[in-house]
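As provided, data-v8.cif (mmCIF, C-alpha atoms and all ligand atoms) reads as follows.
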```
data_target
#
loop_
_atom_site.label_atom_id
_atom_site.label_comp_id
_atom_site.auth_asym_id
_atom_site.auth_seq_id
_atom_site.Cartn_x
_atom_site.Cartn_y
_atom_site.Cartn_z
CA MET A 1 -12.75 76.70 236.49
CA ASP A 2 -13.82 80.15 237.67
CA ILE A 3 -11.34 82.89 238.20
CA GLU A 4 -11.90 83.08 241.97
CA LYS A 5 -10.85 79.46 242.35
CA ILE A 6 -7.73 80.15 240.28
CA LYS A 7 -6.91 83.17 242.45
CA GLU A 8 -7.08 80.97 245.56
CA HIS A 9 -4.37 78.83 243.99
CA ILE A 10 -2.30 81.58 242.43
CA ASP A 11 0.82 80.50 244.34
CA ASP A 12 0.36 76.78 243.81
CA VAL A 13 2.65 76.80 240.80
CA LEU A 14 5.30 74.42 239.57
CA VAL A 15 8.41 76.58 239.19
CA GLU A 16 11.16 74.02 238.95
CA THR A 17 11.87 70.39 239.70
CA ASN A 18 14.84 68.43 240.89
CA PHE A 19 14.85 64.67 240.28
CA PRO A 20 18.53 63.68 239.92
CA THR A 21 17.71 59.97 239.56
CA LEU A 22 15.81 60.61 236.31
CA GLY A 23 18.97 61.51 234.42
CA GLU A 24 20.94 64.52 233.34
CA LYS A 25 18.83 67.65 233.81
CA LYS A 26 18.44 70.39 231.24
CA ILE A 27 16.22 73.39 231.76
CA GLY A 28 14.08 74.58 228.85
CA LYS A 29 11.93 77.65 228.75
CA VAL A 30 8.88 75.74 229.91
CA ARG A 31 10.01 72.21 230.54
CA ASP A 32 12.53 70.47 232.73
CA ILE A 33 14.20 67.77 230.69
CA TYR A 34 15.80 64.70 232.25
CA ILE A 35 17.89 62.69 229.85
CA ALA A 36 18.45 59.00 230.54
CA GLU A 37 20.02 56.27 228.40
CA ASP A 38 17.18 55.63 225.96
CA HIS A 39 14.37 57.84 227.22
CA ILE A 40 13.71 61.39 228.36
CA THR A 41 11.39 62.63 231.09
CA LEU A 42 9.75 65.91 230.10
CA ILE A 43 8.15 67.81 232.97
CA SER A 44 6.00 70.76 231.91
CA THR A 45 6.24 73.51 234.52
CA ASP A 46 4.09 76.61 235.00
CA ARG A 47 6.88 78.97 233.89
CA HIS A 48 5.75 81.66 231.47
CA THR A 49 8.36 83.31 229.32
CA SER A 50 8.46 86.35 227.10
CA PHE A 51 11.29 88.68 226.02
CA ASP A 52 13.48 85.52 226.32
CA ARG A 53 13.03 85.45 230.10
CA LYS A 54 10.59 84.23 232.69
CA ILE A 55 7.91 86.81 233.40
CA ALA A 56 5.47 84.84 235.55
CA GLU A 57 4.29 81.48 236.76
CA VAL A 58 0.81 80.59 235.62
CA PRO A 59 -1.19 78.07 237.68
CA PHE A 60 -2.13 74.89 235.79
CA LYS A 61 -0.29 75.96 232.64
CA GLY A 62 2.13 73.02 232.64
CA GLU A 63 -0.68 70.55 233.08
CA VAL A 64 -2.75 72.17 230.33
CA LEU A 65 0.12 72.19 227.83
CA ASN A 66 1.10 68.60 228.54
CA GLN A 67 -2.49 67.38 228.24
CA ILE A 68 -3.16 69.28 225.00
CA SER A 69 -0.02 67.81 223.49
CA LEU A 70 -1.05 64.29 224.53
CA PHE A 71 -4.49 64.85 222.99
CA TRP A 72 -2.93 65.77 219.65
CA PHE A 73 -0.28 63.06 219.68
CA ASP A 74 -3.13 60.59 220.00
CA LYS A 75 -5.14 62.22 217.19
CA THR A 76 -2.19 62.04 214.76
CA LYS A 77 -0.56 58.73 215.67
CA ASP A 78 -1.96 56.99 212.57
CA ILE A 79 -0.07 59.51 210.41
CA ILE A 80 3.29 59.40 212.15
CA GLN A 81 4.77 57.65 215.15
CA ASN A 82 5.38 60.06 218.04
CA HIS A 83 7.84 59.98 220.92
CA VAL A 84 5.38 59.32 223.76
CA ILE A 85 6.07 56.22 225.86
CA SER A 86 3.90 57.00 228.88
CA ALA A 87 2.33 59.81 230.88
CA PRO A 88 2.83 58.98 234.57
CA ASP A 89 1.47 62.33 235.78
CA PRO A 90 -0.63 65.17 234.28
CA ASN A 91 2.52 67.32 233.95
CA VAL A 92 4.88 64.56 232.82
CA VAL A 93 5.60 62.52 229.72
CA ILE A 94 8.24 59.91 229.27
CA VAL A 95 9.42 59.94 225.69
CA LYS A 96 11.67 58.03 223.39
CA LYS A 97 15.08 59.69 223.21
CA CYS A 98 15.66 60.78 219.62
CA LYS A 99 18.32 62.53 217.63
CA VAL A 100 16.72 65.95 217.20
CA ILE A 101 16.58 67.22 213.61
CA PRO A 102 17.77 70.83 213.91
CA ILE A 103 14.92 72.30 211.87
CA GLU A 104 11.70 73.79 213.17
CA MET A 105 8.96 72.79 210.76
CA VAL A 106 6.66 75.78 210.65
CA VAL A 107 3.37 75.18 208.82
CA ARG A 108 0.99 78.00 207.99
CA GLY A 109 -2.59 77.78 206.77
CA TYR A 110 -3.18 81.53 206.85
CA ILE A 111 -1.07 84.62 206.21
CA THR A 112 -0.76 86.54 209.46
CA GLY A 113 1.57 87.74 212.20
CA SER A 114 3.28 90.98 213.11
CA THR A 115 6.88 90.09 213.98
CA ASN A 116 9.80 90.57 211.57
CA THR A 117 9.78 86.93 210.49
CA SER A 118 6.02 86.46 210.17
CA LEU A 119 4.67 85.66 206.73
CA TRP A 120 2.38 88.69 206.64
CA THR A 121 5.24 91.10 207.44
CA LEU A 122 7.44 89.66 204.69
CA TYR A 123 4.56 89.68 202.19
CA LYS A 124 3.50 93.23 203.09
CA ASP A 125 7.09 94.34 202.52
CA GLY A 126 6.98 92.93 199.01
CA GLN A 127 8.30 89.37 199.20
CA ARG A 128 6.47 86.93 196.92
CA ASP A 129 8.96 84.11 196.33
CA PHE A 130 9.64 82.05 199.45
CA GLY A 131 11.82 79.44 197.80
CA ASN A 132 9.44 76.53 198.01
CA PHE A 133 6.28 78.52 197.20
CA VAL A 134 5.29 81.78 195.55
CA LEU A 135 2.38 83.93 196.72
CA GLU A 136 0.22 85.89 194.30
CA ASP A 137 -0.48 89.62 194.64
CA GLU A 138 -3.46 91.04 196.53
CA ILE A 139 -3.59 88.66 199.42
CA LYS A 140 -5.02 90.28 202.54
CA LYS A 141 -3.84 89.96 206.12
CA ASN A 142 -5.34 86.89 207.86
CA GLN A 143 -6.48 85.39 204.55
CA LYS A 144 -6.58 81.63 204.17
CA LEU A 145 -3.85 80.35 201.85
CA ASP A 146 -4.87 78.15 198.90
CA ALA A 147 -2.93 75.35 200.57
CA PRO A 148 -0.80 75.24 203.75
CA VAL A 149 2.84 76.25 203.26
CA LEU A 150 6.07 75.23 204.97
CA THR A 151 8.41 77.95 206.24
CA PRO A 152 11.16 76.02 208.03
CA THR A 153 13.72 77.69 210.29
CA THR A 154 16.94 76.43 211.76
CA LYS A 155 16.65 75.41 215.40
CA SER A 156 19.31 77.33 217.27
CA ASP A 157 19.88 78.70 220.74
CA GLU A 158 20.05 82.23 219.40
CA HIS A 159 17.66 83.39 216.75
CA ASP A 160 15.90 81.01 214.46
CA ARG A 161 16.84 81.69 210.84
CA PRO A 162 14.47 81.06 207.92
CA ILE A 163 15.90 78.47 205.58
CA THR A 164 14.55 77.01 202.32
CA PRO A 165 14.24 73.26 201.70
CA LYS A 166 16.89 73.60 198.97
CA GLU A 167 19.34 75.14 201.45
CA ILE A 168 18.53 72.46 204.03
CA VAL A 169 19.65 69.80 201.58
CA ALA A 170 22.53 71.84 200.10
CA GLU A 171 23.93 72.61 203.57
CA GLY A 172 23.89 68.90 204.37
CA ILE A 173 21.42 69.22 207.24
CA MET A 174 19.51 66.29 205.77
CA ALA A 175 19.06 64.30 202.59
CA GLN A 176 16.37 65.22 200.09
CA GLU A 177 14.52 62.00 200.86
CA LEU A 178 14.26 62.79 204.57
CA TRP A 179 13.14 66.34 203.84
CA ASP A 180 10.42 65.04 201.53
CA GLU A 181 9.18 62.67 204.20
CA MET A 182 9.25 65.36 206.90
CA ALA A 183 7.43 67.84 204.66
CA ASP A 184 4.78 65.27 203.75
CA LYS A 185 4.18 64.30 207.39
CA ALA A 186 4.12 67.91 208.61
CA LEU A 187 1.46 68.85 206.06
CA LYS A 188 -0.60 65.75 206.84
CA ILE A 189 -0.61 66.31 210.60
CA PHE A 190 -1.40 69.98 210.08
CA THR A 191 -4.37 69.11 207.86
CA ARG A 192 -5.58 66.61 210.48
CA GLY A 193 -5.12 69.31 213.13
CA GLN A 194 -7.23 71.76 211.13
CA GLU A 195 -9.97 69.17 210.61
CA VAL A 196 -10.15 68.21 214.28
CA ALA A 197 -9.86 71.82 215.48
CA LEU A 198 -12.79 72.81 213.28
CA THR A 199 -15.02 70.24 215.01
CA LYS A 200 -14.21 72.15 218.24
CA GLY A 201 -15.03 75.52 216.70
CA LEU A 202 -11.39 76.49 216.23
CA ILE A 203 -9.16 77.29 213.28
CA LEU A 204 -5.64 75.94 213.56
CA VAL A 205 -3.87 78.86 211.91
CA ASP A 206 -0.22 77.89 212.06
CA THR A 207 2.11 75.72 214.09
CA LYS A 208 5.63 74.44 214.58
CA TYR A 209 6.74 70.81 214.68
CA GLU A 210 9.96 69.17 215.73
CA PHE A 211 11.06 65.82 214.38
CA GLY A 212 13.71 63.37 215.48
CA LEU A 213 15.21 60.08 214.40
CA ASP A 214 15.02 57.00 216.60
CA GLU A 215 17.81 54.44 217.02
CA ASN A 216 16.80 52.80 213.73
CA GLY A 217 16.79 56.08 211.81
CA LYS A 218 13.00 56.19 211.74
CA LEU A 219 11.31 59.60 211.59
CA ILE A 220 9.46 60.40 214.83
CA LEU A 221 7.32 63.38 215.84
CA ILE A 222 8.84 64.79 219.05
CA ASP A 223 8.58 67.74 221.44
CA GLU A 224 5.04 69.15 221.65
CA ILE A 225 2.14 69.34 219.21
CA HIS A 226 -0.59 71.94 218.60
CA THR A 227 -0.30 73.55 222.03
CA PRO A 228 -1.27 77.21 222.38
CA ASP A 229 2.47 77.88 222.84
CA SER A 230 3.50 76.27 219.54
CA SER A 231 0.41 77.13 217.52
CA ARG A 232 -2.01 79.89 216.77
CA TYR A 233 -5.76 79.27 217.13
CA TRP A 234 -8.64 81.48 216.00
CA LYS A 235 -12.34 81.14 216.72
CA ALA A 236 -13.96 79.66 213.64
CA ASN A 237 -17.49 81.05 213.88
CA THR A 238 -16.49 84.72 213.83
CA TYR A 239 -13.56 84.45 211.41
CA GLU A 240 -15.37 85.06 208.07
CA GLU A 241 -17.34 88.06 209.23
CA ARG A 242 -14.41 89.72 210.94
CA PHE A 243 -12.10 89.02 208.02
CA SER A 244 -14.54 90.53 205.52
CA LYS A 245 -14.77 93.68 207.67
CA GLY A 246 -11.00 93.89 207.93
CA GLU A 247 -11.10 93.11 211.66
CA GLU A 248 -8.65 90.89 213.51
CA PRO A 249 -9.94 87.38 214.26
CA GLU A 250 -10.80 86.36 217.80
CA TYR A 251 -7.87 84.46 219.17
CA PHE A 252 -6.20 82.91 222.17
CA ASP A 253 -4.60 86.06 223.50
CA LYS A 254 -1.75 86.12 226.00
CA GLU A 255 -0.40 89.44 224.78
CA PHE A 256 -1.97 91.44 227.63
CA LEU A 257 0.61 90.17 230.14
CA ARG A 258 3.48 91.12 227.84
CA LEU A 259 1.97 94.56 227.42
CA TRP A 260 1.75 95.03 231.18
CA PHE A 261 5.50 94.39 231.45
CA LYS A 262 6.27 96.74 228.57
CA GLU A 263 4.25 99.47 230.29
CA ASN A 264 5.62 98.90 233.78
CA CYS A 265 9.32 98.22 233.29
CA ASP A 266 11.96 97.64 230.63
CA PRO A 267 11.75 93.87 230.19
CA TYR A 268 14.73 93.89 227.83
CA LYS A 269 17.08 95.65 230.27
CA ASP A 270 15.92 95.53 233.89
CA LYS A 271 17.79 92.93 235.95
CA VAL A 272 14.83 92.27 238.22
CA LEU A 273 11.29 92.35 236.90
CA PRO A 274 8.29 93.51 238.91
CA LYS A 275 5.87 90.80 240.05
CA ALA A 276 3.07 90.27 237.55
CA PRO A 277 -0.32 91.39 238.93
CA PRO A 278 -2.18 88.32 240.28
CA GLU A 279 -5.42 89.30 238.49
CA LEU A 280 -3.65 89.19 235.13
CA VAL A 281 -1.91 85.91 235.90
CA ALA A 282 -5.24 84.38 236.99
CA GLU A 283 -6.87 85.59 233.78
CA LEU A 284 -4.10 84.02 231.71
CA SER A 285 -4.54 80.77 233.61
CA ARG A 286 -8.27 80.90 232.94
CA ARG A 287 -7.61 81.29 229.22
CA TYR A 288 -5.21 78.32 229.15
CA ILE A 289 -7.83 76.20 230.90
CA GLU A 290 -10.52 77.40 228.52
CA ILE A 291 -8.55 76.45 225.43
CA TYR A 292 -7.77 73.06 226.98
CA GLU A 293 -11.50 72.49 227.47
CA THR A 294 -12.35 73.70 223.97
CA ILE A 295 -9.76 71.49 222.29
CA THR A 296 -10.29 68.32 224.28
CA GLY A 297 -14.02 68.77 224.89
CA LYS A 298 -13.42 67.74 228.51
CA PRO A 299 -13.77 69.79 231.70
CA PHE A 300 -10.41 70.58 233.27
CA LYS A 301 -10.02 68.58 236.48
CA HIS A 302 -7.24 69.24 238.92
CA ASP A 303 -6.34 67.42 242.13
CA PHE A 304 -6.37 70.13 244.80
CA SER A 305 -5.54 67.79 247.69
CA GLN A 306 -1.77 68.17 247.19
CA THR A 307 0.65 70.47 245.44
CA THR A 308 1.65 69.70 241.87
CA LEU A 309 5.19 68.97 242.97
CA GLU A 310 4.01 66.54 245.66
CA ARG A 311 1.80 64.75 243.16
CA ILE A 312 4.57 64.49 240.55
CA THR A 313 7.00 63.19 243.17
CA LYS A 314 4.56 60.45 244.17
CA ASN A 315 3.69 59.50 240.61
CA LEU A 316 7.32 59.31 239.54
CA ALA A 317 8.16 57.14 242.55
CA LYS A 318 5.65 54.54 241.31
CA ILE A 319 7.43 53.84 238.05
N1 LIG B 401 11.96 62.89 222.01
C1 LIG B 401 12.91 63.82 222.16
N2 LIG B 401 14.23 63.48 222.04
C2 LIG B 401 15.19 64.41 222.22
N3 LIG B 401 14.97 65.71 222.52
C3 LIG B 401 13.68 66.11 222.64
C4 LIG B 401 12.59 65.19 222.47
N4 LIG B 401 11.43 65.87 222.64
C5 LIG B 401 11.77 67.15 222.90
N5 LIG B 401 13.11 67.32 222.90
C6 LIG B 401 13.84 68.57 223.19
O1 LIG B 401 13.57 68.94 224.53
C7 LIG B 401 13.44 70.36 224.65
C8 LIG B 401 12.09 70.72 225.25
O2 LIG B 401 12.16 71.75 226.16
P1 LIG B 401 11.51 73.19 225.96
O3 LIG B 401 10.55 73.17 224.83
O4 LIG B 401 11.08 73.68 227.29
O5 LIG B 401 12.80 73.96 225.52
P2 LIG B 401 12.89 75.37 224.85
O6 LIG B 401 13.59 76.26 225.79
O7 LIG B 401 11.58 75.74 224.27
O8 LIG B 401 13.89 75.05 223.72
P3 LIG B 401 13.56 74.96 222.22
O9 LIG B 401 13.44 76.40 221.79
O10 LIG B 401 14.73 74.22 221.67
O11 LIG B 401 12.25 74.21 222.10
C9 LIG B 401 13.63 70.94 223.26
O12 LIG B 401 14.95 71.37 223.09
C10 LIG B 401 13.35 69.73 222.35
O13 LIG B 401 14.05 69.81 221.13
MG MG B 402 10.27 74.29 222.96
#
```

Would you mind writing the file out in structure tokens?
Amino acid sequence: MDIEKIKEHIDDVLVETNFPTLGEKKIGKVRDIYIAEDHITLISTDRHTSFDRKIAEVPFKGEVLNQISLFWFDKTKDIIQNHVISAPDPNVVIVKKCKVIPIEMVVRGYITGSTNTSLWTLYKDGQRDFGNFVLEDEIKKNQKLDAPVLTPTTKSDEHDRPITPKEIVAEGIMAQELWDEMADKALKIFTRGQEVALTKGLILVDTKYEFGLDENGKLILIDEIHTPDSSRYWKANTYEERFSKGEEPEYFDKEFLRLWFKENCDPYKDKVLPKAPPELVAELSRRYIEIYETITGKPFKHDFSQTTLERITKNLAKI
């Protein structure tokens, strides 16, 4: 979709929903969650968050994220059962209600990142032993690891804390057996993700999975999978050359909107944020659509005859 078309629809965004009959509502950063007896309705909105707050609404983002997740759930369903029951609308999935395992399974195929908890930062500052794996000296930023590694964190409302598999078992979060199964599945779906991504010209660099247990105690892949919000993607065809020159890989970049806020206000302190410039929001939307098209290999089609909320309301009424 060209940027002019996106600009025409810059205000046609899904900000929030209200469907009391679907169950108890919880509001996530991106999704509205309706919890019923044995299932959950997850509605992906167009909210865009950064600095732990909403900074913009990005047209088509909810639809793109939901569709990318569905694509990957399908591509990995032979490895592990996932929570999807049905997808009654482009922005909506109905999923099996699971007991959420309070660990975020982070898998990394490359050493990168710039935040305090990223693998590259820790390595650069001298850490070599990560509990469940040890890295050798002389690894460079953005280098491919010999094999993907797991760097789990606790899933908490405040700040996620790195935790080793040994601690996970010792603290009674789960039994060794369940950890082993989760670790095995996480690495297998990551490897599948890398293989499929490569056929689309992308490197799946790292990602985060959530798992749950169903009513029979069976391990299920839940939440979202390999979306640009939960994963990092680089362009495959320019990676080697840029890496050898010490340049950063080409990547799906949404940093420019964050930077605008940092330059134009204090996003950590100001009560009210300025409105994000429409040109930047449209550009971000264009990038989300582009990565959807790259991953799925399909052109992004959107029904412009009604608003997203109208469409969702109609589709949910049918079920
Ligand atoms: N099948 C499922 N059963 C139970 N809970 C689920 C299931 N799938 C996803 N969830 C939960 O629903 C929420 C999804 O909402 P969203 O991702 O918008 O929240 P969030 O603000 O990002 O919170 P979090 O940081 O916990 O992911 C998450 O808390 C996730 O753990
Ligand atoms: Mg989430």

>> Within 7 Å of (0.7, 77.2, 202.7) (file coordinates; only C-alpha atoms), which protein or nucleic acid residues are there? I'd like them as a VMD selection string.
In response: chain A and resid 107 to 109 145 to 150

Generate a file of the selected residues that holds C-alpha atoms, formatted as a tab-separated table (two decimals), in the frame of the given file.
```tsv
chain	number	residue	atom	x	y	z
A	107	VAL	CA	3.37	75.18	208.82
A	108	ARG	CA	0.99	78.00	207.99
A	109	GLY	CA	-2.59	77.78	206.77
A	145	LEU	CA	-3.85	80.35	201.85
A	146	ASP	CA	-4.87	78.15	198.90
A	147	ALA	CA	-2.93	75.35	200.57
A	148	PRO	CA	-0.80	75.24	203.75
A	149	VAL	CA	2.84	76.25	203.26
A	150	LEU	CA	6.07	75.23	204.97
```

> Which residues come within 10 Å of Phe304 (chain A), counting only C-alpha atoms, excluding same-chain residues fewer than 4 positions away, as a PyMOL selection string?
Replying inline: chain A and resi 9+12+308+311

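The interatomic distance for the pair CA of Glu263 (chain A) and CA of Asp229 (chain A) works out to 22.9 Å.
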
>> If we count only C-alpha atoms and set the cut-off at 12 Å, which residues sit around Asp270 (chain A), ignoring sequence neighbours fewer than 5 positions away in its own chain? Please answer as a ChimeraX atom specification.
In response: /A:51,53,55,261-262,264-265

Generate a file of the selected residues that holds C-alpha atoms, formatted as a JSON list (two decimals), keeping the file's coordinate frame.
```json
[["chain", "number", "residue", "atom", "x", "y", "z"],
["A", 51, "PHE", "CA", 11.29, 88.68, 226.02],
["A", 53, "ARG", "CA", 13.03, 85.45, 230.10],
["A", 55, "ILE", "CA", 7.91, 86.81, 233.40],
["A", 261, "PHE", "CA", 5.50, 94.39, 231.45],
["A", 262, "LYS", "CA", 6.27, 96.74, 228.57],
["A", 264, "ASN", "CA", 5.62, 98.90, 233.78],
["A", 265, "CYS", "CA", 9.32, 98.22, 233.29]]
```

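The residues sitting within 9 Å of ligand MG 402 (chain B), with only C-alpha atoms and all ligand atoms considered, come out as Gly28, Lys29, Val30, Arg31, Glu210, Asp223, Glu224, Asp229 and Ser230 of chain A.
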
>> With 12 Å as the threshold, what does the neighbourhood of (20.9, 64.2, 219.0) contain in terms of residues, counting all atoms listed in the file? Coordinates are those of the file; answer as a list in words.
In response: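 All residues meeting the 12 Å criterion around (20.9, 64.2, 219.0) are Ile35, Asp38, Lys96, Lys97, Cys98, Lys99, Val100, Ile101, Pro102, Phe211, Gly212, Leu213, Asp214, Glu215 and Gly217 of chain A.
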
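CA of Ala197 (chain A) to CA of Tyr239 (chain A) spans 13.8 Å [interatomic distance, one decimal].
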
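Closest approach to ligand LIG 401 (chain B) from the set A:Ile289, A:Leu122, A:Ala175, A:Leu42 is made by A:Leu42, with distances taken over all atoms listed in the file.
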
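Atom to atom, CA of Tyr288 (chain A) and CA of Lys61 (chain A) stand 6.5 Å apart.
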
>> Which residues are close to Leu202 (chain A), i.e. within 7 Å by all atoms listed in the file, leaving aside same-chain residues fewer than 2 positions away? Reply as an NGL selection string.
In response: :A and (197-198 or 200 or 204 or 233-236)

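Using all atoms listed in the file, the contacts of Leu119 (chain A) at a cut-off of 10 Å, with sequence neighbours closer than 4 positions omitted, comprise Arg108, Tyr110, Ile111, Thr112, Gly113, Ser114, Thr115, Tyr123, Lys124, Asp125, Gln127, Phe130, Lys141 and Thr151 of chain A.
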
> Counting only C-alpha atoms and all ligand atoms, which of A:Glu37, A:Asp206, A:Asp157, A:Asp89 gets nearest to ligand LIG 401 (chain B)?
Replying inline: A:Asp157

>> I'd like to know which of A:Lys5, A:His39, A:Arg128, A:Lys314 is closest to Val95 (chain A), using all atoms listed in the file.
In response: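 Looking at the shortest contact to Val95 (chain A), the residue is A:His39.
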
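If you measure from each of A:Val134, A:Leu273, A:Ile6, A:Met105 to ligand LIG 401 (chain B) using only C-alpha atoms and all ligand atoms, the closest one turns out to be A:Met105.
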
If the box runs along x, y and z of the file and leaves 6 Å on each side of ligand LIG 401 (chain B), what are its centre and edge lengths in Å, one decimal, as lines of an AutoDock Vina configuration file?
```
center_x = 12.9
center_y = 69.6
center_z = 224.2
size_x = 16.6
size_y = 25.5
size_z = 18.2
```

> When distances are computed from all atoms listed in the file, which of A:Asn91, A:Ser156, A:Ser69, A:Thr191 shows the smallest separation from ligand LIG 401 (chain B)?
Replying inline: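 The shortest atom-to-atom distance to ligand LIG 401 (chain B) comes from A:Ser156.
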
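Of the residues under consideration (A:Gly193, A:Pro20, A:Gly62, A:Gly172), A:Gly62 shows the shortest atom-to-atom contact distance to ligand LIG 401 (chain B) when counting all atoms listed in the file.
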